[in-house]
>>> print(open('my_file_18.pdb').read())   # PDB, C-alpha atoms
MODEL        1
ATOM      1  CA  MET Z   1       0.000   0.000   0.000
ATOM      2  CA  ILE Z   2       1.366   3.395  -1.025
ATOM      3  CA  LYS Z   3       1.268   6.023   1.725
ATOM      4  CA  THR Z   4       0.019   9.470   0.716
ATOM      5  CA  PHE Z   5       0.219  12.828   2.464
ATOM      6  CA  LYS Z   6      -2.650  13.498   4.861
ATOM      7  CA  THR Z   7      -3.641  16.934   6.079
ATOM      8  CA  ILE Z   8      -4.228  17.517   9.797
ATOM      9  CA  ASP Z   9      -7.995  17.495   9.127
ATOM     10  CA  GLU Z  10      -7.675  14.151   7.338
ATOM     11  CA  GLN Z  11      -5.608  12.757  10.225
ATOM     12  CA  ILE Z  12      -8.346  13.811  12.653
ATOM     13  CA  GLU Z  13     -10.992  12.055  10.541
ATOM     14  CA  ILE Z  14      -8.914   8.858  10.386
ATOM     15  CA  LEU Z  15      -8.615   8.768  14.180
ATOM     16  CA  LYS Z  16     -12.336   9.445  14.618
ATOM     17  CA  SER Z  17     -13.216   6.738  12.091
ATOM     18  CA  LYS Z  18     -11.310   4.249  14.231
ATOM     19  CA  GLY Z  19     -13.408   5.108  17.271
ATOM     20  CA  LEU Z  20     -11.176   7.667  19.013
ATOM     21  CA  GLU Z  21     -13.138  10.338  20.848
ATOM     22  CA  ILE Z  22     -11.902  13.901  20.268
ATOM     23  CA  ASP Z  23     -13.558  16.509  22.498
ATOM     24  CA  ASP Z  24     -11.426  19.489  21.479
ATOM     25  CA  ILE Z  25     -10.668  19.483  17.752
ATOM     26  CA  ASP Z  26      -8.443  22.578  17.863
ATOM     27  CA  TYR Z  27      -6.358  21.076  20.685
ATOM     28  CA  ALA Z  28      -5.957  17.803  18.757
ATOM     29  CA  LYS Z  29      -4.947  19.652  15.608
ATOM     30  CA  ASP Z  30      -2.282  21.625  17.469
ATOM     31  CA  VAL Z  31      -0.900  18.461  19.061
ATOM     32  CA  LEU Z  32      -0.765  16.598  15.750
ATOM     33  CA  LEU Z  33       1.002  19.495  14.051
ATOM     34  CA  ARG Z  34       3.599  19.824  16.809
ATOM     35  CA  GLU Z  35       4.155  16.183  17.702
ATOM     36  CA  ASN Z  36       3.592  14.260  14.430
ATOM     37  CA  TYR Z  37       0.690  11.894  13.728
ATOM     38  CA  PHE Z  38       3.014   8.943  13.097
ATOM     39  CA  PHE Z  39       4.611   9.058  16.553
ATOM     40  CA  ILE Z  40       1.398   9.660  18.464
ATOM     41  CA  SER Z  41      -0.262   6.767  16.630
ATOM     42  CA  GLY Z  42       2.677   4.625  17.785
ATOM     43  CA  TYR Z  43       0.973   4.390  21.187
ATOM     44  CA  ARG Z  44      -2.447   3.352  19.937
ATOM     45  CA  HIS Z  45      -1.929  -0.418  20.164
ATOM     46  CA  LEU Z  46      -2.448  -0.175  23.924
ATOM     47  CA  PHE Z  47      -5.943   1.164  23.305
ATOM     48  CA  LEU Z  48      -7.080  -1.134  20.485
ATOM     49  CA  LYS Z  49      -9.796  -3.746  20.965
ATOM     50  CA  SER Z  50      -7.455  -6.496  19.748
ATOM     51  CA  PRO Z  51      -4.094  -6.789  17.952
ATOM     52  CA  LYS Z  52      -5.892  -7.420  14.661
ATOM     53  CA  ASP Z  53      -8.691  -4.915  15.271
ATOM     54  CA  ARG Z  54      -7.567  -1.420  14.372
ATOM     55  CA  MET Z  55     -10.512   0.085  16.250
ATOM     56  CA  PHE Z  56     -10.039   1.846  19.588
ATOM     57  CA  LEU Z  57     -11.612   0.544  22.773
ATOM     58  CA  ASN Z  58     -14.958   2.175  23.482
ATOM     59  CA  GLY Z  59     -14.475   5.482  25.249
ATOM     60  CA  THR Z  60     -10.823   6.002  24.328
ATOM     61  CA  ASN Z  61     -10.154   9.743  24.202
ATOM     62  CA  PHE Z  62      -7.469  11.638  22.280
ATOM     63  CA  LYS Z  63      -6.198  13.177  25.509
ATOM     64  CA  GLU Z  64      -5.692   9.680  26.936
ATOM     65  CA  LEU Z  65      -3.630   8.689  23.909
ATOM     66  CA  TYR Z  66      -1.630  11.916  24.181
ATOM     67  CA  ALA Z  67      -1.095  11.296  27.912
ATOM     68  CA  MET Z  68       0.627   8.029  26.989
ATOM     69  CA  PHE Z  69       2.797   9.893  24.486
ATOM     70  CA  ASN Z  70       3.753  12.458  27.141
ATOM     71  CA  PHE Z  71       4.422   9.763  29.721
ATOM     72  CA  ASP Z  72       6.886   8.111  27.360
ATOM     73  CA  ARG Z  73       8.584  11.464  26.778
ATOM     74  CA  GLN Z  74       8.965  12.058  30.520
ATOM     75  CA  ILE Z  75      10.404   8.633  31.319
ATOM     76  CA  ARG Z  76      12.676   8.879  28.274
ATOM     77  CA  ASN Z  77      14.125  12.082  29.735
ATOM     78  CA  ILE Z  78      14.540  10.399  33.133
ATOM     79  CA  PHE Z  79      16.378   7.439  31.672
ATOM     80  CA  PHE Z  80      18.441   9.620  29.363
ATOM     81  CA  LYS Z  81      19.982  11.691  32.149
ATOM     82  CA  ASN Z  82      20.816   8.532  34.098
ATOM     83  CA  ILE Z  83      22.357   6.813  31.083
ATOM     84  CA  LEU Z  84      24.481   9.931  30.610
ATOM     85  CA  ILE Z  85      25.683   9.574  34.206
ATOM     86  CA  VAL Z  86      26.723   5.974  33.488
ATOM     87  CA  GLU Z  87      28.344   7.057  30.214
ATOM     88  CA  ASN Z  88      30.384   9.729  31.954
ATOM     89  CA  ASN Z  89      31.368   7.317  34.735
ATOM     90  CA  ALA Z  90      32.420   4.653  32.229
ATOM     91  CA  LYS Z  91      34.524   7.123  30.245
ATOM     92  CA  SER Z  92      36.264   8.228  33.433
ATOM     93  CA  ILE Z  93      36.913   4.662  34.597
ATOM     94  CA  PHE Z  94      38.116   3.510  31.170
ATOM     95  CA  SER Z  95      40.468   6.454  30.732
ATOM     96  CA  TYR Z  96      41.883   6.029  34.226
ATOM     97  CA  GLN Z  97      42.539   2.326  33.653
ATOM     98  CA  LEU Z  98      44.206   2.729  30.262
ATOM     99  CA  SER Z  99      46.174   5.870  31.190
ATOM    100  CA  ARG Z 100      47.454   4.380  34.436
ATOM    101  CA  LYS Z 101      48.633   1.245  32.712
ATOM    102  CA  TYR Z 102      49.738   2.394  29.268
ATOM    103  CA  GLY Z 103      50.532   6.129  29.413
ATOM    104  CA  ILE Z 104      48.918   9.476  28.676
ATOM    105  CA  LYS Z 105      49.916  10.089  25.050
ATOM    106  CA  GLU Z 106      47.870   8.823  22.110
ATOM    107  CA  LYS Z 107      50.743   6.740  20.746
ATOM    108  CA  ASP Z 108      50.866   4.978  24.119
ATOM    109  CA  TYR Z 109      47.239   4.396  25.127
ATOM    110  CA  LEU Z 110      46.086   3.702  21.542
ATOM    111  CA  ASN Z 111      48.900   1.270  20.827
ATOM    112  CA  PRO Z 112      47.347  -1.915  19.343
ATOM    113  CA  SER Z 113      49.553  -4.049  21.590
ATOM    114  CA  ASN Z 114      47.542  -2.813  24.612
ATOM    115  CA  PHE Z 115      44.495  -4.709  23.408
ATOM    116  CA  ASP Z 116      43.326  -8.261  22.711
ATOM    117  CA  ARG Z 117      45.707  -9.683  20.096
ATOM    118  CA  THR Z 118      43.977 -12.998  19.459
ATOM    119  CA  ASN Z 119      43.439 -13.788  15.787
ATOM    120  CA  GLU Z 120      39.693 -13.166  15.874
ATOM    121  CA  LYS Z 121      40.162  -9.717  17.458
ATOM    122  CA  VAL Z 122      43.102  -8.238  15.506
ATOM    123  CA  ARG Z 123      40.992  -6.762  12.707
ATOM    124  CA  GLN Z 124      38.402  -5.372  15.134
ATOM    125  CA  VAL Z 125      41.155  -3.764  17.229
ATOM    126  CA  ASN Z 126      42.749  -2.091  14.210
ATOM    127  CA  ASP Z 127      39.381  -0.905  12.835
ATOM    128  CA  LEU Z 128      38.200   0.461  16.172
ATOM    129  CA  LEU Z 129      41.434   2.341  16.879
ATOM    130  CA  LYS Z 130      41.117   3.953  13.429
ATOM    131  CA  LYS Z 131      37.536   5.001  14.277
ATOM    132  CA  ILE Z 132      38.682   6.487  17.581
ATOM    133  CA  LYS Z 133      41.476   8.450  15.924
ATOM    134  CA  ARG Z 134      39.034   9.680  13.286
ATOM    135  CA  GLN Z 135      36.583  10.892  15.942
ATOM    136  CA  ILE Z 136      39.431  12.670  17.723
ATOM    137  CA  ARG Z 137      40.300  14.501  14.489
ATOM    138  CA  VAL Z 138      36.699  15.315  13.543
ATOM    139  CA  ASN Z 139      35.311  16.232  16.977
ATOM    140  CA  GLY Z 140      38.496  17.362  18.698
ATOM    141  CA  GLY Z 141      38.528  20.730  16.993
ATOM    142  CA  GLN Z 142      35.094  21.518  18.459
ATOM    143  CA  HIS Z 143      36.137  20.738  22.036
ATOM    144  CA  SER Z 144      38.011  23.414  23.981
ATOM    145  CA  ALA Z 145      39.875  21.020  26.300
ATOM    146  CA  THR Z 146      41.101  18.972  23.340
ATOM    147  CA  MET Z 147      42.316  22.097  21.558
ATOM    148  CA  HIS Z 148      44.021  23.271  24.755
ATOM    149  CA  TYR Z 149      46.109  20.096  25.053
ATOM    150  CA  ILE Z 150      46.979  20.021  21.355
ATOM    151  CA  SER Z 151      48.056  23.679  21.405
ATOM    152  CA  ASN Z 152      49.997  23.544  24.674
ATOM    153  CA  TYR Z 153      51.313  19.995  24.879
ATOM    154  CA  GLY Z 154      51.067  18.519  21.386
ATOM    155  CA  TYR Z 155      49.001  15.529  22.521
ATOM    156  CA  VAL Z 156      45.625  14.778  24.105
ATOM    157  CA  PRO Z 157      45.416  12.542  27.204
ATOM    158  CA  PHE Z 158      42.761   9.849  27.170
ATOM    159  CA  TRP Z 159      40.741  11.431  29.985
ATOM    160  CA  VAL Z 160      40.133  14.350  27.606
ATOM    161  CA  VAL Z 161      39.752  12.243  24.456
ATOM    162  CA  VAL Z 162      36.830  10.275  25.926
ATOM    163  CA  LYS Z 163      34.718  13.431  25.922
ATOM    164  CA  VAL Z 164      34.664  13.461  22.120
ATOM    165  CA  LEU Z 165      34.032   9.719  21.728
ATOM    166  CA  SER Z 166      30.544   8.295  21.346
ATOM    167  CA  PHE Z 167      29.166   5.855  23.914
ATOM    168  CA  GLY Z 168      28.975   3.298  21.104
ATOM    169  CA  LEU Z 169      32.738   3.493  20.582
ATOM    170  CA  ILE Z 170      33.390   3.317  24.330
ATOM    171  CA  SER Z 171      31.153   0.261  24.501
ATOM    172  CA  GLU Z 172      33.048  -1.430  21.677
ATOM    173  CA  LEU Z 173      36.377  -0.426  23.234
ATOM    174  CA  TYR Z 174      35.587  -2.622  26.222
ATOM    175  CA  THR Z 175      35.196  -5.658  23.937
ATOM    176  CA  ILE Z 176      38.771  -5.368  22.625
ATOM    177  CA  MET Z 177      40.518  -4.801  25.952
ATOM    178  CA  LYS Z 178      42.779  -7.411  27.453
ATOM    179  CA  ARG Z 179      40.981  -9.666  29.890
ATOM    180  CA  GLU Z 180      42.826  -8.279  32.911
ATOM    181  CA  ASP Z 181      41.769  -4.724  31.991
ATOM    182  CA  GLN Z 182      38.176  -5.845  31.515
ATOM    183  CA  LYS Z 183      38.264  -7.453  34.966
ATOM    184  CA  ASP Z 184      39.697  -4.359  36.641
ATOM    185  CA  ILE Z 185      36.876  -2.250  35.203
ATOM    186  CA  ALA Z 186      34.125  -4.766  35.975
ATOM    187  CA  GLU Z 187      35.336  -4.970  39.572
ATOM    188  CA  VAL Z 188      34.665  -1.247  40.006
ATOM    189  CA  TYR Z 189      30.990  -2.035  39.397
ATOM    190  CA  LYS Z 190      31.157  -5.320  41.351
ATOM    191  CA  ILE Z 191      29.808  -7.270  38.370
ATOM    192  CA  SER Z 192      31.245  -9.832  35.971
ATOM    193  CA  VAL Z 193      33.039  -9.050  32.722
ATOM    194  CA  GLU Z 194      30.377 -11.039  30.881
ATOM    195  CA  SER Z 195      27.593  -8.885  32.323
ATOM    196  CA  LEU Z 196      29.336  -5.630  31.462
ATOM    197  CA  LEU Z 197      29.962  -6.856  27.912
ATOM    198  CA  ILE Z 198      26.179  -7.242  27.553
ATOM    199  CA  TYR Z 199      25.185  -4.103  29.457
ATOM    200  CA  LEU Z 200      27.288  -1.528  27.602
ATOM    201  CA  PRO Z 201      25.851  -2.026  24.084
ATOM    202  CA  ILE Z 202      22.322  -2.145  25.540
ATOM    203  CA  LEU Z 203      22.958   1.182  27.259
ATOM    204  CA  ALA Z 204      24.398   2.646  24.041
ATOM    205  CA  ASN Z 205      21.281   1.494  22.177
ATOM    206  CA  PHE Z 206      18.924   3.050  24.727
ATOM    207  CA  ARG Z 207      21.015   6.232  24.720
ATOM    208  CA  ASN Z 208      20.548   6.633  20.975
ATOM    209  CA  LEU Z 209      16.845   5.881  21.280
ATOM    210  CA  CYS Z 210      16.496   8.617  23.909
ATOM    211  CA  ALA Z 211      18.526  11.134  21.927
ATOM    212  CA  HIS Z 212      16.273  10.685  18.885
ATOM    213  CA  GLU Z 213      13.010  10.728  20.888
ATOM    214  CA  ASP Z 214      11.971   7.286  19.699
ATOM    215  CA  ILE Z 215       9.238   5.299  21.445
ATOM    216  CA  MET Z 216      10.800   3.877  24.590
ATOM    217  CA  TYR Z 217       8.332   2.291  26.978
ATOM    218  CA  ASP Z 218       7.878  -0.929  24.969
ATOM    219  CA  HIS Z 219      11.365  -1.119  23.429
ATOM    220  CA  LYS Z 220      12.910  -4.580  23.230
ATOM    221  CA  THR Z 221      16.674  -5.097  23.212
ATOM    222  CA  GLN Z 222      18.467  -7.351  20.749
ATOM    223  CA  ARG Z 223      20.205  -9.258  23.552
ATOM    224  CA  MET Z 224      18.779 -10.519  26.811
ATOM    225  CA  ILE Z 225      20.565  -9.749  30.041
ATOM    226  CA  ASP Z 226      21.513 -12.657  32.283
ATOM    227  CA  ASP Z 227      19.350 -13.604  35.249
ATOM    228  CA  THR Z 228      20.255 -11.519  38.299
ATOM    229  CA  ARG Z 229      19.505 -11.655  42.010
ATOM    230  CA  TYR Z 230      16.971  -8.873  41.420
ATOM    231  CA  HIS Z 231      14.807 -11.137  39.283
ATOM    232  CA  SER Z 232      14.509 -13.623  42.120
ATOM    233  CA  TYR Z 233      14.236 -11.011  44.907
ATOM    234  CA  LEU Z 234      11.265  -9.427  43.147
ATOM    235  CA  ASP Z 235       9.762 -12.889  42.597
ATOM    236  CA  ILE Z 236       9.271 -12.214  38.883
ATOM    237  CA  PRO Z 237       7.167 -14.996  37.308
ATOM    238  CA  ARG Z 238       8.665 -17.405  34.808
ATOM    239  CA  THR Z 239       7.334 -18.958  31.616
ATOM    240  CA  ASN Z 240       9.132 -22.057  30.361
ATOM    241  CA  GLY Z 241      11.856 -21.346  32.895
ATOM    242  CA  GLU Z 242      12.480 -17.806  31.628
ATOM    243  CA  TYR Z 243      11.666 -14.654  33.598
ATOM    244  CA  ILE Z 244       8.847 -12.758  31.874
ATOM    245  CA  TYR Z 245      10.130  -9.323  32.925
ATOM    246  CA  GLY Z 246      13.559  -7.720  33.093
ATOM    247  CA  LYS Z 247      15.309  -9.643  30.327
ATOM    248  CA  ASP Z 248      15.001  -7.678  27.052
ATOM    249  CA  ASP Z 249      12.605  -4.885  28.038
ATOM    250  CA  LEU Z 250      12.679  -1.523  29.768
ATOM    251  CA  PHE Z 251      12.916  -3.161  33.179
ATOM    252  CA  ALA Z 252      16.125  -4.843  32.014
ATOM    253  CA  LEU Z 253      17.495  -1.307  31.671
ATOM    254  CA  VAL Z 254      16.365  -0.575  35.249
ATOM    255  CA  ILE Z 255      18.240  -3.675  36.459
ATOM    256  CA  ILE Z 256      21.362  -2.577  34.570
ATOM    257  CA  LEU Z 257      21.181   0.912  36.062
ATOM    258  CA  LYS Z 258      20.671  -0.569  39.530
ATOM    259  CA  GLN Z 259      24.116  -2.139  39.209
ATOM    260  CA  LEU Z 260      25.945   0.754  37.546
ATOM    261  CA  LEU Z 261      24.548   3.866  39.244
ATOM    262  CA  ARG Z 262      25.345   5.052  42.732
ATOM    263  CA  GLU Z 263      22.585   4.215  45.194
ATOM    264  CA  GLU Z 264      21.333   7.783  45.637
ATOM    265  CA  ASP Z 265      21.047   8.278  41.870
ATOM    266  CA  PHE Z 266      19.157   5.012  41.454
ATOM    267  CA  VAL Z 267      16.702   5.784  44.274
ATOM    268  CA  LEU Z 268      15.968   9.133  42.611
ATOM    269  CA  LEU Z 269      15.416   7.343  39.290
ATOM    270  CA  ILE Z 270      12.822   5.012  40.828
ATOM    271  CA  ASN Z 271      11.107   7.880  42.623
ATOM    272  CA  GLU Z 272      10.859   9.883  39.400
ATOM    273  CA  LEU Z 273       9.490   6.893  37.469
ATOM    274  CA  SER Z 274       6.930   6.286  40.220
ATOM    275  CA  TYR Z 275       5.823   9.916  40.051
ATOM    276  CA  GLU Z 276       5.282   9.771  36.278
ATOM    277  CA  LEU Z 277       3.351   6.501  36.600
ATOM    278  CA  ASP Z 278       1.094   8.067  39.227
ATOM    279  CA  ILE Z 279       0.451  11.030  36.911
ATOM    280  CA  LEU Z 280      -0.357   8.692  34.027
ATOM    281  CA  GLU Z 281      -2.686   6.533  36.122
ATOM    282  CA  GLY Z 282      -4.801   9.590  36.859
ATOM    283  CA  LYS Z 283      -5.239  10.210  33.130
ATOM    284  CA  LEU Z 284      -6.016   6.658  32.010
ATOM    285  CA  LYS Z 285      -9.700   5.816  31.639
ATOM    286  CA  THR Z 286     -10.070   2.895  29.237
ATOM    287  CA  ILE Z 287      -7.010   0.848  30.175
ATOM    288  CA  SER Z 288      -5.361   0.107  33.514
ATOM    289  CA  LEU Z 289      -1.885   1.104  34.632
ATOM    290  CA  ASP Z 290      -1.136  -2.631  34.986
ATOM    291  CA  LYS Z 291      -1.453  -2.980  31.211
ATOM    292  CA  VAL Z 292       1.139  -0.240  30.729
ATOM    293  CA  LEU Z 293       3.473  -1.801  33.303
ATOM    294  CA  ASP Z 294       3.161  -5.190  31.625
ATOM    295  CA  THR Z 295       4.049  -3.689  28.238
ATOM    296  CA  MET Z 296       7.077  -1.982  29.805
ATOM    297  CA  GLY Z 297       8.157  -5.262  31.414
ATOM    298  CA  PHE Z 298       7.740  -3.811  34.917
ATOM    299  CA  PRO Z 299       6.529  -6.069  37.737
ATOM    300  CA  ASN Z 300       3.945  -4.401  39.987
ATOM    301  CA  ASN Z 301       6.468  -4.394  42.848
ATOM    302  CA  PHE Z 302       9.224  -2.789  40.764
ATOM    303  CA  ARG Z 303       9.702  -0.023  43.350
ATOM    304  CA  ASP Z 304      11.110  -2.600  45.787
ATOM    305  CA  ILE Z 305      14.297  -2.836  43.722
ATOM    306  CA  ALA Z 306      15.371   0.550  45.128
ATOM    307  CA  ARG Z 307      15.411  -0.919  48.641
ATOM    308  CA  LEU Z 308      17.501  -3.963  47.752
ATOM    309  CA  ASP Z 309      21.187  -3.602  48.520
ATOM    310  CA  GLU Z 310      23.881  -5.840  47.080
ATOM    311  CA  TYR Z 311      22.917  -8.585  49.513
ATOM    312  CA  GLY Z 312      19.248  -8.358  48.702
ATOM    313  CA  ASN Z 313      18.223  -6.935  52.079
TER
ENDMDL
END
>>> encode(input="my_file_18.pdb", output="structure tokens")
Amino acid sequence: MIKTFKTIDEQIEILKSKGLEIDDIDYAKDVLLRENYFFISGYRHLFLKSPKDRMFLNGTNFKELYAMFNFDRQIRNIFFKNILIVENNAKSIFSYQLSRKYGIKEKDYLNPSNFDRTNEKVRQVNDLLKKIKRQIRVNGGQHSATMHYISNYGYVPFWVVVKVLSFGLISELYTIMKREDQKDIAEVYKISVESLLIYLPILANFRNLCAHEDIMYDHKTQRMIDDTRYHSYLDIPRTNGEYIYGKDDLFALVIILKQLLREEDFVLLINELSYELDILEGKLKTISLDKVLDTMGFPNNFRDIARLDEYGN
């Protein structure tokens, strides 16, 4: 089917023809113009009578649909700022580890011999180091600290370089480190190397999703995280031996952040999510908050994760 341009009036008529109630036409028109019909309609599946039925549940109102859109925007902002904290922490930890061990000049810390030299990694190491050097050249000139070191010292230490590197590159950098360097970094977080190898690309993926304002609440990751003590502490149900929440959904991101953020930051994250859920619940009329939580992969007792320390108490 070929898609054709639809005016705002035509978009309104399409929504009404599918059973969506619109009390204030001018308000709906303004929202659709500012926010984009395509993205708002991305939340409609929660309010449909069935997956195959493209009709809205009886009584579904435009403002309810828009409330879901706004809720996703708010939690996306909450997660984004916390992912940025983890990104900044990781860059600091990585640069400290590599600078301490290999030196502070580019020729030292970006020496291929500092990284995994097994046959299957050699090409990846060489390619990634080229990407890093390219980002330093392209982005370095726009960063005052980078320019300061180049002008005054003729080189840029890694703790400055990381500021111009993407989280995706930092994530990949961890995969090419020597095992002992990977262990030293993982120990800072008190998790395994294997877990951190999974967590970093998931975080980079969510970071990009947040930065581009994509739909977040029902996002599924390409890789599942391993079972953690938090799955069992929260008594998350299983189906065919697999936990139904917290594996490849938004709650998996919560579990990752629980392990990588400082406690006070994580408690604030949970409090802010709880606040936004309370706001949303007051605006939902045709569906329950439980349906939203289920789609997000959140167990009803998700707030309890903030009270669990490393020993589960």
>>> residues_around(input="my_file_18.pdb", residues="Tyr217 in chain Z", least_positions_apart="6", cutoff="7 Å", atoms="only C-alpha atoms", output="list in words")
Asp72, Leu250 and Met296 of chain Z
>>> resolve_selection(input="my_file_18.pdb", expression="the PyMOL selection byres ((chain Z and resi 243) around 12)", output="ChimeraX atom specification")
/Z:224-232,234-242,244-249,251-252,297-299
>>> atom_distance(input="my_file_18.pdb", atom1="CA of Tyr102 in chain Z", atom2="CA of Thr175 in chain Z")
17.5 Å
>>> residues_around(input="my_file_18.pdb", residues="range 84-97 of chain Z", least_positions_apart="3", cutoff="6 Å", atoms="all atoms listed in the file", output="tab-separated table (two decimals) with C-alpha atoms, keeping the file's coordinate frame")
chain	number	residue	atom	x	y	z
Z	81	LYS	CA	19.98	11.69	32.15
Z	100	ARG	CA	47.45	4.38	34.44
Z	158	PHE	CA	42.76	9.85	27.17
Z	159	TRP	CA	40.74	11.43	29.98
Z	162	VAL	CA	36.83	10.28	25.93
>>> resolve_selection(input="my_file_18.pdb", expression="the PyMOL selection byres ((chain Z and resi 177-180) around 9)", output="number ranges by chain")
Z: 114-117, 125, 173-176, 181-185, 193
>>> write_last_selection(input="my_file_18.pdb", atoms="C-alpha atoms", output="compact mmCIF listing (two decimals), in the frame of the given file")
# COMPACT_ATOMS: atom_id res chain seq x y z
CA ASN Z 114 47.54 -2.81 24.61
CA PHE Z 115 44.50 -4.71 23.41
CA ASP Z 116 43.33 -8.26 22.71
CA ARG Z 117 45.71 -9.68 20.10
CA VAL Z 125 41.16 -3.76 17.23
CA LEU Z 173 36.38 -0.43 23.23
CA TYR Z 174 35.59 -2.62 26.22
CA THR Z 175 35.20 -5.66 23.94
CA ILE Z 176 38.77 -5.37 22.62
CA ASP Z 181 41.77 -4.72 31.99
CA GLN Z 182 38.18 -5.84 31.52
CA LYS Z 183 38.26 -7.45 34.97
CA ASP Z 184 39.70 -4.36 36.64
CA ILE Z 185 36.88 -2.25 35.20
CA VAL Z 193 33.04 -9.05 32.72
>>> residues_around(input="my_file_18.pdb", residues="Pro201 in chain Z", least_positions_apart="2", cutoff="9 Å", atoms="only C-alpha atoms", output="VMD selection string")
chain Z and resid 167 to 168 171 to 172 196 to 199 203 to 206
>>> write_last_selection(input="my_file_18.pdb", atoms="C-alpha atoms", output="PDB file, keeping the file's coordinate frame")
ATOM      1  CA  PHE Z 167      29.166   5.855  23.914  1.00  0.00           C
ATOM      2  CA  GLY Z 168      28.975   3.298  21.104  1.00  0.00           C
ATOM      3  CA  SER Z 171      31.153   0.261  24.501  1.00  0.00           C
ATOM      4  CA  GLU Z 172      33.048  -1.430  21.677  1.00  0.00           C
ATOM      5  CA  LEU Z 196      29.336  -5.630  31.462  1.00  0.00           C
ATOM      6  CA  LEU Z 197      29.962  -6.856  27.912  1.00  0.00           C
ATOM      7  CA  ILE Z 198      26.179  -7.242  27.553  1.00  0.00           C
ATOM      8  CA  TYR Z 199      25.185  -4.103  29.457  1.00  0.00           C
ATOM      9  CA  LEU Z 203      22.958   1.182  27.259  1.00  0.00           C
ATOM     10  CA  ALA Z 204      24.398   2.646  24.041  1.00  0.00           C
ATOM     11  CA  ASN Z 205      21.281   1.494  22.177  1.00  0.00           C
ATOM     12  CA  PHE Z 206      18.924   3.050  24.727  1.00  0.00           C
TER      13      PHE Z 206
END
>>> resolve_selection(input="my_file_18.pdb", expression="the PyMOL selection byres ((chain Z and resi 29-37) around 9)", output="MDAnalysis selection string")
chainID Z and resid 8:9 11:12 24:28 38:42 66
